[in-house]
Amino acid sequence: MKNVILIAPPAAGKGTQSELLVNKFGYVHISMGDLLREVVASGSELGLKIKKIIDSGALVDDDLTIELIRNKLKTLNGQPFIVDGFPRTFYQAQAFAQVLEELNIDNYVAILLNLSKEDAVKRIAGRLICKCGKSYNIYDEALKPKVEGVCDKCGASLVKRDDDNVDSFKTRYEVFETNIAPIKNFYEEQGKLVVIDVNRAIEEIASDIARVIKND
Ligand code: AMP
């Protein structure tokens, strides 16, 4: 199985597809957003700074994200991984290639989930999350919680993400649009890029991804 770098605009379903890959194939899921939110939750001074940036929809410092990913990958001992939400800048993509080379990891594919801005807006409006990490969408039958406002998995109350508001979304989408072209070219030139359209049923997307990750 190939390691996966999952690149996508906000609310394209990175988390949902990652969860499927973890459950079906035993991937370790590394979400850069989650790693950063862990630093925020620690309540440190750095955490407070990061929270402000995340809530505004801007990107946190490149070098910090690279350090976080390097440290995380070192703990894996060869287990297949899926990295979601990283790289988000060309600089990160280049630095990540170096980290992967350092760790002798060459078996990977960059999957770009393709979604229009209009569709992303709709998804953001309906997204609810649980503190256990599970994500829902009240406008999508397949992603609705069984009981309104309650997590299927752990029973806790669902909330909106602090950064799922119109202003932050606009910034996050613009940041994505500005940065994606060079990242896409970077992986395309290495023959590592696969683009998957995600304005479809979750299972269809998952089966496309399953085809891509098989080593042949
Ligand atoms: P996510 O959970 O992937 O939507 O990420 C939430 C927020 O965390 C983003 O809007 C950024 O503020 C920050 N973030 C996540 N990944 C990165 C990254 N690779 N580089 C910089 N900031 C990031």
# chains A, B, ... in the order shown; residues from 1 in each chain; ligands from 1
call {"tool": "closest_atom_pairs", "arguments": {"of": "chain A", "to": "ligand 1", "cutoff": "9 Å", "atoms": "only C-alpha atoms and all ligand atoms", "output": "Markdown table"}}
result
| residue | atom | partner | partner_atom_place_in_ligand_line | distance |
| --- | --- | --- | --- | --- |
| A:Ala8 | CA | ligand 1 | 3 (O) | 8.8 |
| A:Pro9 | CA | ligand 1 | 4 (O) | 8.4 |
| A:Pro10 | CA | ligand 1 | 4 (O) | 5.7 |
| A:Ala11 | CA | ligand 1 | 4 (O) | 7.4 |
| A:Lys14 | CA | ligand 1 | 3 (O) | 8.0 |
| A:Gly15 | CA | ligand 1 | 2 (O) | 8.4 |
| A:Ser31 | CA | ligand 1 | 3 (O) | 6.6 |
| A:Met32 | CA | ligand 1 | 16 (N) | 4.6 |
| A:Gly33 | CA | ligand 1 | 2 (O) | 3.5 |
| A:Asp34 | CA | ligand 1 | 2 (O) | 6.0 |
| A:Leu35 | CA | ligand 1 | 15 (C) | 8.3 |
| A:Leu36 | CA | ligand 1 | 8 (O) | 6.3 |
| A:Arg37 | CA | ligand 1 | 8 (O) | 7.4 |
| A:Ile50 | CA | ligand 1 | 12 (O) | 7.7 |
| A:Lys51 | CA | ligand 1 | 12 (O) | 8.1 |
| A:Lys52 | CA | ligand 1 | 12 (O) | 8.7 |
| A:Ile53 | CA | ligand 1 | 12 (O) | 5.6 |
| A:Ile54 | CA | ligand 1 | 12 (O) | 3.6 |
| A:Asp55 | CA | ligand 1 | 12 (O) | 6.9 |
| A:Ser56 | CA | ligand 1 | 12 (O) | 7.3 |
| A:Gly57 | CA | ligand 1 | 10 (O) | 4.6 |
| A:Ala58 | CA | ligand 1 | 12 (O) | 4.9 |
| A:Leu59 | CA | ligand 1 | 22 (N) | 3.7 |
| A:Val60 | CA | ligand 1 | 22 (N) | 4.1 |
| A:Asp61 | CA | ligand 1 | 21 (C) | 6.0 |
| A:Asp62 | CA | ligand 1 | 20 (N) | 5.9 |
| A:Asp63 | CA | ligand 1 | 20 (N) | 8.9 |
| A:Leu64 | CA | ligand 1 | 21 (C) | 8.3 |
| A:Thr65 | CA | ligand 1 | 20 (N) | 5.8 |
| A:Ile66 | CA | ligand 1 | 19 (N) | 8.1 |
| A:Asp84 | CA | ligand 1 | 3 (O) | 6.8 |
| A:Gly85 | CA | ligand 1 | 3 (O) | 4.5 |
| A:Phe86 | CA | ligand 1 | 19 (N) | 4.0 |
| A:Pro87 | CA | ligand 1 | 19 (N) | 4.8 |
| A:Arg88 | CA | ligand 1 | 19 (N) | 4.5 |
| A:Thr89 | CA | ligand 1 | 20 (N) | 7.0 |
| A:Gln92 | CA | ligand 1 | 19 (N) | 7.2 |
| A:Asp163 | CA | ligand 1 | 10 (O) | 7.4 |
| A:Ser168 | CA | ligand 1 | 10 (O) | 8.0 |
| A:Phe169 | CA | ligand 1 | 10 (O) | 8.4 |
| A:Thr171 | CA | ligand 1 | 10 (O) | 8.5 |
| A:Arg172 | CA | ligand 1 | 10 (O) | 5.7 |
| A:Val175 | CA | ligand 1 | 10 (O) | 8.8 |
call {"tool": "closest_atom_pairs", "arguments": {"of": "range 13-55 of chain A", "to": "range 186-198 of chain A", "cutoff": "12 Å", "atoms": "only C-alpha atoms", "output": "CSV"}}
result
residue,atom,partner,partner_atom,distance
A:Gly13,CA,A:Val198,CA,7.9
A:Lys14,CA,A:Val198,CA,10.0
A:Thr16,CA,A:Val198,CA,11.5
A:Gln17,CA,A:Val198,CA,10.2
call {"tool": "write_last_selection", "arguments": {"atoms": "N, CA, C and O atoms", "output": "JSON list (two decimals), in the first residue's frame"}}
result
[["chain", "number", "residue", "atom", "x", "y", "z"],
["A", 13, "GLY", "N", -13.63, 16.84, 2.42],
["A", 13, "GLY", "CA", -13.82, 15.48, 2.92],
["A", 13, "GLY", "C", -12.52, 14.77, 3.24],
["A", 13, "GLY", "O", -12.47, 13.54, 3.26],
["A", 14, "LYS", "N", -11.47, 15.52, 3.53],
["A", 14, "LYS", "CA", -10.18, 14.90, 3.87],
["A", 14, "LYS", "C", -10.34, 14.00, 5.09],
["A", 14, "LYS", "O", -9.86, 12.88, 5.10],
["A", 16, "THR", "N", -13.12, 12.63, 6.38],
["A", 16, "THR", "CA", -13.99, 11.49, 6.14],
["A", 16, "THR", "C", -13.25, 10.40, 5.37],
["A", 16, "THR", "O", -13.30, 9.22, 5.73],
["A", 17, "GLN", "N", -12.56, 10.78, 4.31],
["A", 17, "GLN", "CA", -11.84, 9.78, 3.52],
["A", 17, "GLN", "C", -10.68, 9.18, 4.32],
["A", 17, "GLN", "O", -10.40, 7.99, 4.21]]
call {"tool": "closest_residue", "arguments": {"among": "A:Leu158, A:Val121, A:Ile111, A:Ile69", "to": "Ile213 in chain A", "atoms": "only C-alpha atoms"}}
result
A:Ile111
call {"tool": "residues_around", "arguments": {"residues": "Ile105 in chain A", "least_positions_apart": "4", "cutoff": "9 Å", "atoms": "only C-alpha atoms", "output": "ChimeraX atom specification"}}
result
/A:3,78,99-101
call {"tool": "residues_around", "arguments": {"residues": "Tyr27 in chain A", "least_positions_apart": "5", "cutoff": "6 Å", "atoms": "only C-alpha atoms", "output": "CSV table (one decimal) with N, CA and C atoms, in the first residue's frame"}}
result
chain,number,residue,atom,x,y,z
A,22,VAL,N,-8.3,4.5,7.3
A,22,VAL,CA,-7.8,4.0,8.5
A,22,VAL,C,-8.5,2.7,8.9
A,80,PRO,N,2.0,2.3,7.3
A,80,PRO,CA,1.6,3.2,6.2
A,80,PRO,C,0.8,4.4,6.8
A,81,PHE,N,1.0,5.5,6.2
A,81,PHE,CA,0.4,6.7,6.8
A,81,PHE,C,-0.3,7.5,5.7
call {"tool": "closest_residue", "arguments": {"among": "A:Leu112, A:Glu45, A:Lys122, A:Ile30", "to": "Ala181 in chain A", "atoms": "only C-alpha atoms"}}
result
A:Leu112
call {"tool": "closest_residue", "arguments": {"among": "A:Asn179, A:Ser207, A:Asn165, A:Asn104", "to": "Ile7 in chain A", "atoms": "only C-alpha atoms"}}
result
A:Asn179
call {"tool": "residues_around", "arguments": {"residues": "Ala201 in chain A", "least_positions_apart": "3", "cutoff": "10 Å", "atoms": "only C-alpha atoms", "output": "PDB file with all heavy atoms, in the first residue's frame"}}
result
ATOM      1  N   ASP A 140     -26.016  16.432   4.436  1.00  0.00           N
ATOM      2  CA  ASP A 140     -25.672  15.252   3.648  1.00  0.00           C
ATOM      3  C   ASP A 140     -26.192  14.017   4.389  1.00  0.00           C
ATOM      4  O   ASP A 140     -25.754  13.725   5.509  1.00  0.00           O
ATOM      5  CB  ASP A 140     -24.145  15.193   3.497  1.00  0.00           C
ATOM      6  CG  ASP A 140     -23.710  14.048   2.596  1.00  0.00           C
ATOM      7  OD1 ASP A 140     -24.404  13.000   2.559  1.00  0.00           O
ATOM      8  OD2 ASP A 140     -22.666  14.201   1.949  1.00  0.00           O
ATOM      9  N   ALA A 142     -25.687  10.970   4.146  1.00  0.00           N
ATOM     10  CA  ALA A 142     -24.686   9.960   4.518  1.00  0.00           C
ATOM     11  C   ALA A 142     -23.804  10.418   5.681  1.00  0.00           C
ATOM     12  O   ALA A 142     -23.117   9.606   6.303  1.00  0.00           O
ATOM     13  CB  ALA A 142     -23.815   9.633   3.314  1.00  0.00           C
ATOM     14  N   VAL A 198     -14.472  15.158  -6.021  1.00  0.00           N
ATOM     15  CA  VAL A 198     -15.182  14.713  -4.812  1.00  0.00           C
ATOM     16  C   VAL A 198     -16.629  15.177  -4.725  1.00  0.00           C
ATOM     17  O   VAL A 198     -17.261  15.015  -3.678  1.00  0.00           O
ATOM     18  CB  VAL A 198     -14.431  15.114  -3.518  1.00  0.00           C
ATOM     19  CG1 VAL A 198     -13.146  14.349  -3.397  1.00  0.00           C
ATOM     20  CG2 VAL A 198     -14.186  16.602  -3.429  1.00  0.00           C
ATOM     21  N   GLU A 204     -18.009   6.181  -3.761  1.00  0.00           N
ATOM     22  CA  GLU A 204     -17.353   6.242  -5.082  1.00  0.00           C
ATOM     23  C   GLU A 204     -15.954   6.834  -4.956  1.00  0.00           C
ATOM     24  O   GLU A 204     -15.004   6.347  -5.549  1.00  0.00           O
ATOM     25  CB  GLU A 204     -18.159   7.116  -6.051  1.00  0.00           C
ATOM     26  CG  GLU A 204     -19.422   6.481  -6.559  1.00  0.00           C
ATOM     27  CD  GLU A 204     -20.212   7.468  -7.429  1.00  0.00           C
ATOM     28  OE1 GLU A 204     -19.594   8.219  -8.212  1.00  0.00           O
ATOM     29  OE2 GLU A 204     -21.442   7.488  -7.296  1.00  0.00           O
ATOM     30  N   ILE A 205     -15.863   7.894  -4.160  1.00  0.00           N
ATOM     31  CA  ILE A 205     -14.562   8.541  -3.967  1.00  0.00           C
ATOM     32  C   ILE A 205     -13.618   7.542  -3.291  1.00  0.00           C
ATOM     33  O   ILE A 205     -12.475   7.366  -3.704  1.00  0.00           O
ATOM     34  CB  ILE A 205     -14.711   9.794  -3.064  1.00  0.00           C
ATOM     35  CG1 ILE A 205     -15.709  10.769  -3.672  1.00  0.00           C
ATOM     36  CG2 ILE A 205     -13.372  10.461  -2.846  1.00  0.00           C
ATOM     37  CD1 ILE A 205     -16.269  11.772  -2.678  1.00  0.00           C
ATOM     38  N   ALA A 206     -14.139   6.859  -2.267  1.00  0.00           N
ATOM     39  CA  ALA A 206     -13.313   5.909  -1.520  1.00  0.00           C
ATOM     40  C   ALA A 206     -12.813   4.792  -2.423  1.00  0.00           C
ATOM     41  O   ALA A 206     -11.663   4.359  -2.303  1.00  0.00           O
ATOM     42  CB  ALA A 206     -14.111   5.339  -0.347  1.00  0.00           C
TER      43      ALA A 206
END
call {"tool": "select_by_dssp", "arguments": {"residues": "range 12-204 of chain A", "states": "alpha helix (DSSP H)", "output": "ChimeraX atom specification"}}
result
/A:14-25,32-41,45-56,62-74,90-102,117-126,166-189,202-204
call {"tool": "select_by_dssp", "arguments": {"residues": "chain A", "states": "strand (DSSP E or B)", "output": "count of residues only"}}
result
34
call {"tool": "atom_distance", "arguments": {"atom1": "CA of Cys130 in chain A", "atom2": "CA of Val28 in chain A"}}
result
19.6 Å
call {"tool": "atom_distance", "arguments": {"atom1": "CA of Asp164 in chain A", "atom2": "CA of Ala125 in chain A"}}
result
7.5 Å
call {"tool": "closest_residue", "arguments": {"among": "A:Arg123, A:Phe176, A:Leu68, A:Gly26", "to": "Asn137 in chain A", "atoms": "only C-alpha atoms"}}
result
A:Arg123
call {"tool": "atom_distance", "arguments": {"atom1": "CA of Ile209 in chain A", "atom2": "CA of Asp106 in chain A"}}
result
18.5 Å
call {"tool": "closest_residue", "arguments": {"among": "A:Leu46, A:Leu143, A:Leu73, A:Ile124", "to": "Glu102 in chain A", "atoms": "only C-alpha atoms"}}
result
A:Leu73
call {"tool": "closest_residue", "arguments": {"among": "A:Lys160, A:Arg211, A:Arg70, A:Lys170", "to": "Val109 in chain A", "atoms": "only C-alpha atoms"}}
result
A:Arg211
call {"tool": "residues_around", "arguments": {"residues": "Cys151 in chain A", "least_positions_apart": "4", "cutoff": "10 Å", "atoms": "only C-alpha atoms", "output": "ChimeraX atom specification"}}
result
/A:128-136,144-147,155-159
